[in-house]
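Structure record follows, encoded as structure tokens.
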Amino acid sequence: MDSSTSVTVTQKEQMMVEQQVFQIYSLFADLPPNSQSFMLEIQRDSHIDYLTNGLRGLGSSFCVLDANRPWLCYWILHSLALLEESIDEELENNAIDFLSRCEDPNGGYGGGPGQMPHLATTYAAINSLISLGGHSSLSSINRDSVYSFLRQMKQPNGGFRMHDGGEVDVRACYTAISVASILNILDERLVEHVGDFILSCQTHEGGIAGEPGSEAHGGYTYCGIATMILINEVRRLDVAALLDWVVFRQGIECGFQGRVNKLVDGCYSFWQGGVSALLQRSYPIISGLVASESEEYSDADSTLSATSDIPECEHAATGGSSLQGDNEACHNNPEGARDPSAPTNLNDVGHNFLEWKASMGPPFNPMALQQYILLCSQLQEGGFRDKPGKSRDFYHTCYCLSGLSACQYSWSGDLGSQPAPQAILGPYSNLLEPIHPLYNIVLKKYHEARDFFSST
Amino acid sequence: MSSSEGETERDAQVPLFARPEWADVVPIPQDDGPNPVVPIAYKDDFRETMDYFRAVFKANELSHRSLALTSLAITLNSGNYTIWQFRRRILEAIDSDMHFELEFTEQIAKTNSKNYQLWHHRRWVAEKLGPEATEGELKFTRKIFNTDAKNYHAWSHRQWVLQNLGGWKGELDYCQKLLDEDIFNNSAWNQRYFVVTKSPLLGGLIAMRDSEVAYAVESIKSFPENESPWRYLRGLYKDDIVSWVNDPRVASVCLDVLEAKKNCVFALTTLLDLLCLGYNPSQELIDAVSGMGLPDTNPTRPDCGLAELICSILGQEDPMRTNYWTWRKSQLT
């Protein structure tokens, strides 16, 4: 360390980023109103060009992503779906054909043709096909073989392996459970002990780590809570601590960081913003707010009336914790956490979630986050980036847009209901398609897939 | 390793098709279809290497030349998990010396140390080597932390080594060293928590709590705006609310920070947490909070007046989370 100054590496890096970000904000503040509106506008055409060009061809620098091609498809196709842009039929057919070449004969999708099947690229491929929509796309998914792949990846400790001989972590759990849920093939055998594994990854900080003992992290926290909701065990988490952790990840730069004392990054607009969106809708169910304090359930009933059609409400009292209370009861009672007599079909949880009304406003600051995404992450020539000084890429484009959508709908009580103009930073034409926050798929596309897979 | 490195170098220079040892292998092109999406403009050496890789992979040829080929292919794209997995199968089949594998992964880490495959492979190698690998693995991660003290994969790896191979002896000192260098390094704080709760040499969280609280408090006093020690302090009382509420040092550090009248957000948050859990505030503390201004705030319910006041102050002092503090206030009973 430089002895002439007592500033640490963390402080120094943080100050440099703050300087760059605040320079952008102060330049923006000095602009005339018409230039300001231009700066806040989503450059749809540029983004669409950038995305479709990527779909058509990528330079040699992408060799390092040669084992992530279904991800490239998902980042691009989901971004286009958020922008409500459809691709031409030929390109669509090419995408379906290409993804089918990534499919392993024994189930699951690999990172490219001929590569071993992998859970993350399976998630990416299936989310891509759902984002494309249409009969030929959805019917190209072989659910029986996907199921058998998921079973092969299942571990005795409840977790999943990313691929044959691969790593076991929270990402693997999420990608496996998300895929099974949306394809309507989730069952007890896949779910068994997943909750135990995720629970063991919630840290003393409140967030969730990739593996037990590791540091709480935005990406894993999203994966962990989304998984817990999908398997109907979210009440087992210490949700008060999780909420407190995630709201503090939004910093003075207006964007989110991934971990405590790390730098802001546009992609966490979705990972942390998504966690907020999930908590906002599940909080009363999780906490059983009133019901946990007393046995007078009739009182609780009216409080929760907005969510009374949710099967879980009925036994919110059993696993509930007050906001401030440590929910030891949940931790110590894993068996009781999921009532086996509950009539909930696991495959309906993702669908029922859409009926969960937001009982609280967004716990973070959606206006500030939109400002970071539009002014610091967006490039006028198309695409989004991590932070000023970095280059654009498809990953950040996907997760900045997903986060932006989550912000825009964060005040909508019903997921996807038309937001008020004051919820949107910039012109109302900035409004993106709403997403299903458990799968990160555009809501319309989700509904189409849900109908398709529940009727076949 | 020098011979193997030399081989890699030569591979990079002479195309595989021109090399006699590969003359019997028919390369297999990628089945991308007639009109693939996201097609990559592969460089010639990349394409050729992968074509040969597909050939040996398909033939399941677990040989020395296949091993050399995987080295080359991994150098070109260290994110290709299929190649890594095939490499492990080869290593097992030919009973290769795992020490060479340590050097190979270190070379790869030099160009990209944030890659799942590399670290997963390293774990596999260390597991094969067993306890004799301990020192080397701890040293390897230390080397990574010298340039990137928050490398997530490296920390996971280090924790795995400690738990599975041992080497706990100097770990608390190592955390201390990293925190002395950068008290804002939250990964080092997390590792400290890991050591304090998991090390078989320290007696566990309860035994360590007293001294750790003292360390956290001292760290908070030096930088009250540093979130890490605040969360660490709270973590020391995970699942033990009674002790949390009853340790006078917690409220005391909050009071100290409040009286210094700066960076008070975490002090107020911590106080709010204490109050919500039944803590009975001293008059001194009430005065310190009340003295923070907000003349227009009038607690509506005397029983939770202080908590309410804190939420109001936070709503102003911490504008990024105004919604959260309003909501917290609404939840006070």
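Within each chain, counting starts at residue 1; across the structure tokens, chains are named A, B, ... in the order shown, with ligands numbered 1 upward in that order.
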request  = Find the residues of chain B in contact range of chain A, meaning any atom within 7 Å when counting only C-alpha atoms, and list them as a VMD selection string.
outcome  = chain B and resid 30 to 33 35 to 43 77 79 to 80 82 85 120 156 181 to 182 184 to 187 190 194 228 231 235 238 to 239 273 276 to 277 320 to 321 323 to 324
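Residue neighbourhood of Gly426 in chain A, excluding near-sequence residues (fewer than 3 positions): Ser37, Leu40, Glu41 and Asn430 of chain A, at 8 Å, using only C-alpha atoms.
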One residue among A:Leu374, A:Val21, A:Ile130, A:Leu51 is nearest to Leu83 in chain A when using only C-alpha atoms, and that residue is A:Leu51
**Item:** For Glu218 in chain B: contacts at 12 Å, only C-alpha atoms, fewer than 5 positions along chain excluded, given as a list of chain:residue names
**Value:** B:Ile183, B:Ser211, B:Glu212, B:Val213, B:Phe223, B:Pro224, B:Asn226, B:Pro229, B:Trp230, B:Leu233, B:Arg249, B:Val250, B:Ser252, B:Val253, B:Cys254, B:Asp256, B:Val257
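The neighbours of Asn157 in chain A here are the residues that come within 8 Å of it, using only C-alpha atoms and leaving out any residue fewer than 2 positions away in the same chain; they are Gln155, Gly159, His193, Val194 and Phe197 of chain A.
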Using the selection just defined, write its residues with N, CA and C atoms as a short mmCIF file (atom, residue, chain, number, x, y, z; two decimals), in the first residue's frame.
data_model
loop_
_atom_site.label_atom_id
_atom_site.label_comp_id
_atom_site.auth_asym_id
_atom_site.auth_seq_id
_atom_site.Cartn_x
_atom_site.Cartn_y
_atom_site.Cartn_z
N GLN A 155 -28.17 -34.22 -6.71
CA GLN A 155 -27.20 -34.74 -5.76
C GLN A 155 -27.87 -35.17 -4.45
N GLY A 159 -28.63 -30.54 -3.65
CA GLY A 159 -28.22 -29.63 -4.72
C GLY A 159 -28.20 -30.31 -6.08
N HIS A 193 -34.78 -31.82 -0.60
CA HIS A 193 -33.59 -31.24 0.06
C HIS A 193 -32.96 -30.05 -0.66
N VAL A 194 -33.57 -29.58 -1.74
CA VAL A 194 -33.05 -28.36 -2.37
C VAL A 194 -33.09 -27.21 -1.37
N PHE A 197 -30.30 -27.16 1.06
CA PHE A 197 -29.05 -26.67 0.47
C PHE A 197 -29.04 -25.14 0.39
#
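Here CA of Leu242 in chain A and CA of Arg158 in chain B stand 25.3 Å from one another.
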If we count only C-alpha atoms, what is near Ser199 in chain B at a cut-off of 9 Å, once residues fewer than 2 positions away on the same chain are taken out, given as a PyMOL selection string? chain B and resi 162-163+168-169+171+194-197+201-204
Requested write-out: N, CA and C atoms of the selected residues, as an mmCIF file, in the first residue's frame:
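Contents of the output file again-v1.cif:
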data_model
loop_
_atom_site.group_PDB
_atom_site.id
_atom_site.type_symbol
_atom_site.label_atom_id
_atom_site.label_comp_id
_atom_site.auth_asym_id
_atom_site.auth_seq_id
_atom_site.Cartn_x
_atom_site.Cartn_y
_atom_site.Cartn_z
ATOM 1 N N LEU B 162 -9.539 -25.580 3.351
ATOM 2 C CA LEU B 162 -9.497 -25.587 4.820
ATOM 3 C C LEU B 162 -10.396 -26.684 5.378
ATOM 4 N N GLN B 163 -11.576 -26.798 4.823
ATOM 5 C CA GLN B 163 -12.532 -27.760 5.373
ATOM 6 C C GLN B 163 -12.206 -29.202 5.017
ATOM 7 N N TRP B 168 -5.808 -24.732 8.948
ATOM 8 C CA TRP B 168 -6.500 -23.655 9.653
ATOM 9 C C TRP B 168 -5.561 -22.779 10.485
ATOM 10 N N LYS B 169 -4.396 -23.292 10.788
ATOM 11 C CA LYS B 169 -3.564 -22.686 11.822
ATOM 12 C C LYS B 169 -3.371 -21.169 11.671
ATOM 13 N N GLU B 171 -5.025 -19.086 9.682
ATOM 14 C CA GLU B 171 -6.075 -18.437 8.897
ATOM 15 C C GLU B 171 -6.622 -17.152 9.512
ATOM 16 N N PHE B 194 -16.107 -17.075 8.696
ATOM 17 C CA PHE B 194 -15.975 -18.502 8.385
ATOM 18 C C PHE B 194 -14.991 -19.157 9.359
ATOM 19 N N VAL B 195 -13.861 -18.525 9.582
ATOM 20 C CA VAL B 195 -12.837 -19.089 10.468
ATOM 21 C C VAL B 195 -13.359 -19.151 11.908
ATOM 22 N N VAL B 196 -13.942 -18.057 12.337
ATOM 23 C CA VAL B 196 -14.412 -17.985 13.715
ATOM 24 C C VAL B 196 -15.497 -19.031 13.992
ATOM 25 N N THR B 197 -16.339 -19.273 13.001
ATOM 26 C CA THR B 197 -17.423 -20.234 13.239
ATOM 27 C C THR B 197 -17.021 -21.673 12.905
ATOM 28 N N LEU B 201 -9.791 -25.120 15.583
ATOM 29 C CA LEU B 201 -8.751 -24.729 16.536
ATOM 30 C C LEU B 201 -9.181 -23.593 17.457
ATOM 31 N N LEU B 202 -10.277 -22.935 17.132
ATOM 32 C CA LEU B 202 -10.613 -21.717 17.874
ATOM 33 C C LEU B 202 -11.750 -21.883 18.869
ATOM 34 N N GLY B 203 -12.413 -23.009 18.837
ATOM 35 C CA GLY B 203 -13.453 -23.243 19.838
ATOM 36 C C GLY B 203 -14.852 -22.768 19.464
ATOM 37 N N GLY B 204 -14.999 -22.222 18.262
ATOM 38 C CA GLY B 204 -16.338 -21.872 17.798
ATOM 39 C C GLY B 204 -16.775 -20.456 18.129
#
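Using only C-alpha atoms for every distance, the candidate list B:Met292, B:Leu118, B:Leu76, B:Leu67 yields B:Leu67 as the residue closest to Ala93 in chain B.
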The distance between CA of Gln280 in chain A and CA of Ala358 in chain A is 5.5 Å
message = Just want the 7 Å neighbourhood of range 18-27 of chain B, counted on only C-alpha atoms, with same-chain residues fewer than 2 positions away dropped. Output as a ChimeraX atom specification.
response = /B:14-16,29,51-52,55
Using only C-alpha atoms, the shortest atom-to-atom distance to Arg328 in chain B among B:Ala149, B:Val242, B:Cys311, B:Ala68 belongs to B:Cys311
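Comparing B:Thr269, B:Ser78, B:Thr49, B:Asn280 by their smallest distance to Asp247 in chain B, the closest is B:Asn280 (using only C-alpha atoms).
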Pairwise distance, CA of Cys398 in chain A with CA of Leu183 in chain A, equals 22.3 Å
Could you find all residues in range 97-205 of chain B that DSSP calls helix (DSSP H, G or I) from the backbone, and write them as a ChimeraX atom specification?
/B:98-111,116-147,152-164,171-181,186-198,204-205
